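Colleague: If you scroll down you'll find the structure; I have some questions about it.
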Amino acid sequence: MSRDPLHGLNPPQRAAVLHVDGPLLVLAGAGSGKTRVIVEKIAHLVQSGRYPARRIAAITFTNKSAREMRERVGKRLKGETAQELTVSTFHALGLKIVQTDHAKLGLRRGFSIFDADDSASQVKDLLPPGSKPDAVAAMQQLISRAKNAGLSPEQAAEAARSTREREAAALYARYQQRLAAFNAVDFDDLIRLPVQLLENDEEARMGWRERIGYLLVDEAQDTNDAQYRLLKAIAGEAGQFTCVGDDDQSIYAWRGANPDNLLALGSDYPALKIIKLEQNYRCSNRVLRAANALIAHNPHAHPKTLWSEAADGERIRVWECRDAAHEAEKVAAEIQFIAKQHAAADGSLPWGEFCILFRGNHQSRALEKALQLLRIPYHLSGGTAFLDRGEVKDALAWLRLLANPDDDAAFLRAVQSPNRGVGAGTLAKLGELAHQKHLPLARAAESMAVAQQLPARAANALQGFSAIVQGLRADARALPPAELVRRLNERSGLLAALRASCKDEAQFKMRRRNLDELADWFDGPKTSGPGELAAALALLSHADKGEAGNQVRLMSMHASKGLEFRFVFIVGLEDGNLPHEASLEEGRIDEERRLFYVGITRAKERLWLSYAKEAQRWGDKLRLRPSRFLGELPAGELQRDGADPEAEAAQRAERRRASFADIQALLAD
Ligand code: ATP
Ligand code: MG
């Protein structure tokens, strides 16, 4: 018998769990147990018999938080029951709807999902030759905006007020034709199409309302307008949902998130019940007081109070460093120091208790170097950079082609990686023939009729390629995605080509690891088939890689939402970095402050804040100023080191006394 899910909740949390009839919004600050309420509520809904697990859907902000939530719920419920729950991001839920009802939406099975890069290359293709990247990006953004506002190309044309908007609407129409020709959708469609379906198709709506009886949404402050419409379309008038969120943690406005949707809930659902949570269970009291003081600098309609019963804890360390390298060394050395201290005192400390946060991903390099030097294992999250690596993109193109033979963009990349002697001339000719015969490129390449019109060598190369693709496509029906990736790396010739292009074995090993790692990214579906593959690929692009092991965590503050760690370091606290330059110019400083608030409130026990005094820019030394936000923290909670060289020398000496040869080597300067 599982234990009582209400055990250990405070009164407002309990009320939130028990409020099942009608819409509910839990609006509360960081670490107050909002996510916990969602977990307990799912358990309660199932155990009380109100909803079977298969009729409950919970929405999280990333695939990784979806996995974590599923695990947490799994501990509450019997394993199989938890498996029946839908726990996913808005995009993954949208994808599920589009896959189930693809025929109603005019899509064929195994459709492709274009990521931002794919969309950009289509838009570029549709614009006059020689269009600047900025112009492409601007048009892409206008299309995306129209889609997120739920407009069809026709509606966008009607709504257009300027020449530019009219141009964008026309382009939007042609862009949609392209997607249809490729049997593809883009990311925005994963929300827009389900909204369109549920709003207009009575049968589909009834079907999905039967399928999803109760909806729970975590991090609701970062819902964009299209997602909000999807929420309403699924929940219907009865509004059987629980949304939890914190307007002070709204950090994705730059990507279209709209915290006003939290307010809109009140007018769209007059029966909405609002519950506030005020006790923080996560942070030491000093950390919490610092976070409260910081966020008080933002305008608030209703100031929140967040208190904690936790001990004061140690003061927040503030480090002034020479530059980013020095900062990274200090952080790595401190982590090493604390780990060894713990090992000596009360047993070893998992590396996963440490987290280093930064504003921009470029900041990770110095940190990685310093951690490597001390042989501290680390895990860098949010690895879009990983998916941008050439060899990884090649493998992804192959996979997409396997899932969807109509994906011309994928064909073009796959047929040229590795190089099999199919040149630009052949491809142009193939494109022409494919166009005449109304075939996608991959089908044209297989066609004997087409082959006869190509030079023999080109025709042979294409036939060879097609044979490999067909073989792998058969494998795709039998193998789960992760296995398929391994098979593909061999059979496509990608691995052999990689070996040939590397200057030595060490380099090959390193880049091969990227290809091997790609298989690990597909840790989701264990089933096989082109549909599964397409789904796995789509979720992949919303990059956040599987499990970190026993490793120090490195991530951006944006990626840290919802997480908690005993020891948190926030680096690069310089004006221009946090708050970021661009946001200063655009008057978005409040959002930067919320971002810092998110970062600070990840710390359970101890917090370090650091900044560099100078940076190298194009060979010149650039003087940096500490972040203005540091001045907004209560001085009494801080302990500043490093500003005073003597203190720093003493600190160094103290660490040397700890006599760790590796640290000594590092700090000897
Ligand atoms: P965030 O805004 O950062 O997402 P949150 O409001 O979702 O935070 P949770 O992550 O749910 O907060 O909870 C923060 C921590 O407090 C977790 O470790 C959780 O287990 C703990 N916690 C939540 N509620 C209680 C409670 N009633 N008693 C003890 N611990 C609790
Ligand atoms: Mg949370």
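Letters A, B, ... go to the chains of the structure tokens in the order shown; residues in each chain start at 1; ligands are counted from 1 in the same order.
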Can you write out as a tab-separated table which residues of chain A fall within 7 Å of ligand 1, alongside each residue's closest atom pair and its distance in Å to one decimal, counting only C-alpha atoms and all ligand atoms and ordering rows by chain and ascending residue number?

Modeller:
residue	atom	partner	partner_atom_place_in_ligand_line	distance
A:Gly8	CA	ligand 1	27 (N)	5.3
A:Leu9	CA	ligand 1	27 (N)	3.8
A:Asn10	CA	ligand 1	27 (N)	4.9
A:Ala28	CA	ligand 1	6 (O)	6.6
A:Gly29	CA	ligand 1	2 (O)	5.7
A:Ala30	CA	ligand 1	2 (O)	3.4
A:Gly31	CA	ligand 1	8 (O)	3.4
A:Ser32	CA	ligand 1	6 (O)	3.9
A:Gly33	CA	ligand 1	11 (O)	3.2
A:Lys34	CA	ligand 1	6 (O)	3.7
A:Thr35	CA	ligand 1	11 (O)	3.7
A:Arg36	CA	ligand 1	11 (O)	3.7
A:Val37	CA	ligand 1	11 (O)	6.6
A:Glu219	CA	ligand 1	4 (O)	6.9
A:Asp246	CA	ligand 1	2 (O)	6.5
A:Asn280	CA	ligand 1	16 (O)	6.7
A:Tyr281	CA	ligand 1	16 (O)	4.1
A:Arg282	CA	ligand 1	15 (C)	4.5
A:Lys561	CA	ligand 1	3 (O)	6.1
A:Gly562	CA	ligand 1	4 (O)	3.5
A:Leu563	CA	ligand 1	3 (O)	6.1
A:Thr601	CA	ligand 1	3 (O)	6.7
A:Arg602	CA	ligand 1	3 (O)	6.6

Colleague: Store the residues picked out above in a file with N, CA and C atoms, as a PDB file, in the first residue's frame.

Modeller:
ATOM      1  N   GLY A   8       2.590  14.980   5.063  1.00  0.00           N
ATOM      2  CA  GLY A   8       3.749  15.855   4.935  1.00  0.00           C
ATOM      3  C   GLY A   8       3.530  17.116   4.121  1.00  0.00           C
ATOM      4  N   LEU A   9       2.325  17.393   3.699  1.00  0.00           N
ATOM      5  CA  LEU A   9       2.063  18.652   2.996  1.00  0.00           C
ATOM      6  C   LEU A   9       1.562  19.699   3.991  1.00  0.00           C
ATOM      7  N   ASN A  10       1.834  20.968   3.697  1.00  0.00           N
ATOM      8  CA  ASN A  10       1.295  22.016   4.561  1.00  0.00           C
ATOM      9  C   ASN A  10      -0.152  22.318   4.145  1.00  0.00           C
ATOM     10  N   ALA A  28       3.001  30.831  -6.619  1.00  0.00           N
ATOM     11  CA  ALA A  28       3.875  30.876  -5.456  1.00  0.00           C
ATOM     12  C   ALA A  28       5.338  30.961  -5.841  1.00  0.00           C
ATOM     13  N   GLY A  29       6.129  31.458  -4.918  1.00  0.00           N
ATOM     14  CA  GLY A  29       7.551  31.691  -5.143  1.00  0.00           C
ATOM     15  C   GLY A  29       8.371  30.420  -5.244  1.00  0.00           C
ATOM     16  N   ALA A  30       9.676  30.636  -5.459  1.00  0.00           N
ATOM     17  CA  ALA A  30      10.583  29.518  -5.704  1.00  0.00           C
ATOM     18  C   ALA A  30      10.688  28.609  -4.488  1.00  0.00           C
ATOM     19  N   GLY A  31      10.741  27.324  -4.740  1.00  0.00           N
ATOM     20  CA  GLY A  31      11.014  26.359  -3.682  1.00  0.00           C
ATOM     21  C   GLY A  31       9.878  26.190  -2.691  1.00  0.00           C
ATOM     22  N   SER A  32       8.685  26.633  -3.057  1.00  0.00           N
ATOM     23  CA  SER A  32       7.559  26.555  -2.122  1.00  0.00           C
ATOM     24  C   SER A  32       6.776  25.255  -2.290  1.00  0.00           C
ATOM     25  N   GLY A  33       7.232  24.391  -3.173  1.00  0.00           N
ATOM     26  CA  GLY A  33       6.593  23.082  -3.299  1.00  0.00           C
ATOM     27  C   GLY A  33       5.511  23.015  -4.362  1.00  0.00           C
ATOM     28  N   LYS A  34       5.623  23.845  -5.404  1.00  0.00           N
ATOM     29  CA  LYS A  34       4.634  23.805  -6.489  1.00  0.00           C
ATOM     30  C   LYS A  34       4.721  22.491  -7.262  1.00  0.00           C
ATOM     31  N   THR A  35       5.935  22.135  -7.624  1.00  0.00           N
ATOM     32  CA  THR A  35       6.109  20.895  -8.384  1.00  0.00           C
ATOM     33  C   THR A  35       5.706  19.702  -7.516  1.00  0.00           C
ATOM     34  N   ARG A  36       6.030  19.819  -6.245  1.00  0.00           N
ATOM     35  CA  ARG A  36       5.642  18.749  -5.333  1.00  0.00           C
ATOM     36  C   ARG A  36       4.123  18.594  -5.301  1.00  0.00           C
ATOM     37  N   VAL A  37       3.408  19.726  -5.328  1.00  0.00           N
ATOM     38  CA  VAL A  37       1.945  19.670  -5.350  1.00  0.00           C
ATOM     39  C   VAL A  37       1.475  18.891  -6.578  1.00  0.00           C
ATOM     40  N   GLU A 219       5.321  25.249 -14.190  1.00  0.00           N
ATOM     41  CA  GLU A 219       5.991  26.415 -14.798  1.00  0.00           C
ATOM     42  C   GLU A 219       5.062  27.156 -15.758  1.00  0.00           C
ATOM     43  N   ASP A 246       5.073  30.831 -11.112  1.00  0.00           N
ATOM     44  CA  ASP A 246       5.612  31.932 -10.322  1.00  0.00           C
ATOM     45  C   ASP A 246       5.949  33.057 -11.289  1.00  0.00           C
ATOM     46  N   ASN A 280       8.987  28.438   1.987  1.00  0.00           N
ATOM     47  CA  ASN A 280      10.012  27.853   1.126  1.00  0.00           C
ATOM     48  C   ASN A 280      10.680  26.710   1.885  1.00  0.00           C
ATOM     49  N   TYR A 281      10.803  25.572   1.225  1.00  0.00           N
ATOM     50  CA  TYR A 281      11.403  24.396   1.864  1.00  0.00           C
ATOM     51  C   TYR A 281      12.788  24.087   1.313  1.00  0.00           C
ATOM     52  N   ARG A 282      13.257  24.918   0.421  1.00  0.00           N
ATOM     53  CA  ARG A 282      14.481  24.556  -0.292  1.00  0.00           C
ATOM     54  C   ARG A 282      15.721  25.213   0.268  1.00  0.00           C
ATOM     55  N   LYS A 561      15.841  26.064 -14.238  1.00  0.00           N
ATOM     56  CA  LYS A 561      14.497  26.257 -13.696  1.00  0.00           C
ATOM     57  C   LYS A 561      13.953  24.967 -13.086  1.00  0.00           C
ATOM     58  N   GLY A 562      13.406  25.075 -11.885  1.00  0.00           N
ATOM     59  CA  GLY A 562      12.769  23.915 -11.263  1.00  0.00           C
ATOM     60  C   GLY A 562      13.726  22.987 -10.524  1.00  0.00           C
ATOM     61  N   LEU A 563      15.058  23.153 -10.732  1.00  0.00           N
ATOM     62  CA  LEU A 563      16.018  22.216 -10.124  1.00  0.00           C
ATOM     63  C   LEU A 563      16.533  22.738  -8.788  1.00  0.00           C
ATOM     64  N   THR A 601      17.838  30.948  -6.267  1.00  0.00           N
ATOM     65  CA  THR A 601      16.923  30.077  -5.523  1.00  0.00           C
ATOM     66  C   THR A 601      17.088  28.595  -5.867  1.00  0.00           C
ATOM     67  N   ARG A 602      18.114  28.248  -6.661  1.00  0.00           N
ATOM     68  CA  ARG A 602      18.425  26.830  -6.875  1.00  0.00           C
ATOM     69  C   ARG A 602      19.207  26.272  -5.699  1.00  0.00           C
TER      70      ARG A 602
END

Colleague: Could you give me the residues within range 196-373 of chain A that DSSP places in alpha helix (DSSP H), as a PyMOL selection string?

Modeller: chain A and resi 196-200+202-211+225-235+260-268+285-295+324-346+364-373

Colleague: Determine the nearest neighbour of ligand 2 from the options A:Ala66, A:Glu80, A:Leu45, A:Gln453, counting only C-alpha atoms and all ligand atoms.

Modeller: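 Residue with the minimum atom-to-atom distance to ligand 2: A:Ala66.
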
Colleague: Record the distance separating CA of Val450 in chain A and CA of Lys437 in chain A, expressed in Å with one decimal.

Modeller: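 We find that CA of Val450 in chain A and CA of Lys437 in chain A lie 9.1 Å from each other.
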
Colleague: Between A:Ala220, A:Leu357, A:Ala478, A:Leu231, which has the minimum distance to ligand 2 (counting only C-alpha atoms and all ligand atoms)?

Modeller: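 Closest to ligand 2, using only C-alpha atoms and all ligand atoms: A:Ala220.
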
Colleague: Might you pull out every residue within 9 Å of Ala366 in chain A, with only C-alpha atoms counted and same-chain residues fewer than 2 positions away left off, and present them as a JSON list (two decimals) with N, CA and C atoms, in the first residue's frame?

Modeller:
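around_14.json written:
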[["chain", "number", "residue", "atom", "x", "y", "z"],
["A", 324, "ALA", "N", 37.96, 35.31, -16.44],
["A", 324, "ALA", "CA", 37.11, 34.12, -16.41],
["A", 324, "ALA", "C", 37.90, 32.85, -16.09],
["A", 325, "ALA", "N", 39.17, 32.80, -16.55],
["A", 325, "ALA", "CA", 39.97, 31.60, -16.28],
["A", 325, "ALA", "C", 40.25, 31.48, -14.79],
["A", 326, "HIS", "N", 40.60, 32.60, -14.19],
["A", 326, "HIS", "CA", 40.88, 32.63, -12.76],
["A", 326, "HIS", "C", 39.62, 32.23, -11.98],
["A", 327, "GLU", "N", 38.50, 32.77, -12.41],
["A", 327, "GLU", "CA", 37.22, 32.47, -11.79],
["A", 327, "GLU", "C", 36.93, 30.96, -11.85],
["A", 328, "ALA", "N", 37.15, 30.39, -13.03],
["A", 328, "ALA", "CA", 36.88, 28.96, -13.22],
["A", 328, "ALA", "C", 37.78, 28.13, -12.33],
["A", 329, "GLU", "N", 39.06, 28.54, -12.22],
["A", 329, "GLU", "CA", 39.99, 27.81, -11.37],
["A", 329, "GLU", "C", 39.53, 27.84, -9.92],
["A", 362, "HIS", "N", 28.63, 30.08, -23.88],
["A", 362, "HIS", "CA", 30.06, 30.24, -24.16],
["A", 362, "HIS", "C", 30.88, 30.27, -22.88],
["A", 363, "GLN", "N", 30.23, 30.59, -21.76],
["A", 363, "GLN", "CA", 30.97, 30.68, -20.50],
["A", 363, "GLN", "C", 31.40, 29.32, -19.98],
["A", 364, "SER", "N", 30.88, 28.25, -20.56],
["A", 364, "SER", "CA", 31.20, 26.94, -20.00],
["A", 364, "SER", "C", 32.63, 26.52, -20.30],
["A", 368, "GLU", "N", 34.90, 24.17, -18.00],
["A", 368, "GLU", "CA", 35.20, 22.79, -18.38],
["A", 368, "GLU", "C", 36.69, 22.52, -18.26],
["A", 369, "LYS", "N", 37.47, 23.49, -18.73],
["A", 369, "LYS", "CA", 38.92, 23.33, -18.71],
["A", 369, "LYS", "C", 39.41, 23.15, -17.27],
["A", 370, "ALA", "N", 38.93, 24.03, -16.40],
["A", 370, "ALA", "CA", 39.38, 23.98, -15.01],
["A", 370, "ALA", "C", 38.95, 22.67, -14.34],
["A", 371, "LEU", "N", 37.75, 22.21, -14.64],
["A", 371, "LEU", "CA", 37.28, 20.96, -14.04],
["A", 371, "LEU", "C", 38.08, 19.77, -14.57]]

Colleague: Taking only C-alpha atoms and all ligand atoms into account, name the residue in A:Gln249, A:Asn200, A:Gln240, A:Ser556 that is nearest to ligand 2.

Modeller: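 Ranked by minimum distance to ligand 2, first place goes to A:Gln249.
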
Colleague: For Ile338 in chain A, list every protein, DNA or RNA residue within 12 Å, evaluated using only C-alpha atoms, and leave out those in the same chain fewer than 3 positions away; present the list as a VMD selection string.

Modeller: chain A and resid 331 to 335 341 to 351 353 to 354 566 to 567 606 655 658

Colleague: How would the residues just picked look written out with C-alpha atoms as a short mmCIF file (atom, residue, chain, number, x, y, z; two decimals), in the first residue's frame?

Modeller:
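As written to disk, out.cif reads:
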data_model
loop_
_atom_site.label_atom_id
_atom_site.label_comp_id
_atom_site.auth_asym_id
_atom_site.auth_seq_id
_atom_site.Cartn_x
_atom_site.Cartn_y
_atom_site.Cartn_z
CA VAL A 331 35.30 27.41 -8.60
CA ALA A 332 36.89 24.09 -9.51
CA ALA A 333 39.32 24.28 -6.60
CA GLU A 334 36.52 25.11 -4.17
CA ILE A 335 34.47 22.15 -5.37
CA GLN A 341 36.48 17.93 3.27
CA HIS A 342 33.33 15.85 3.19
CA ALA A 343 35.18 12.70 2.27
CA ALA A 344 37.35 13.18 5.35
CA ALA A 345 34.45 14.05 7.66
CA ASP A 346 31.24 12.23 6.93
CA GLY A 347 31.67 10.17 3.85
CA SER A 348 31.76 11.11 0.25
CA LEU A 349 29.61 13.73 -1.41
CA PRO A 350 28.05 13.02 -4.79
CA TRP A 351 29.40 15.41 -7.43
CA GLU A 353 25.26 18.12 -5.40
CA PHE A 354 27.32 20.85 -7.10
CA ARG A 566 23.14 21.78 -2.24
CA PHE A 567 25.99 23.90 -3.59
CA ARG A 606 25.47 27.33 0.03
CA ARG A 655 44.02 25.66 0.51
CA ALA A 658 45.07 21.16 2.52
#
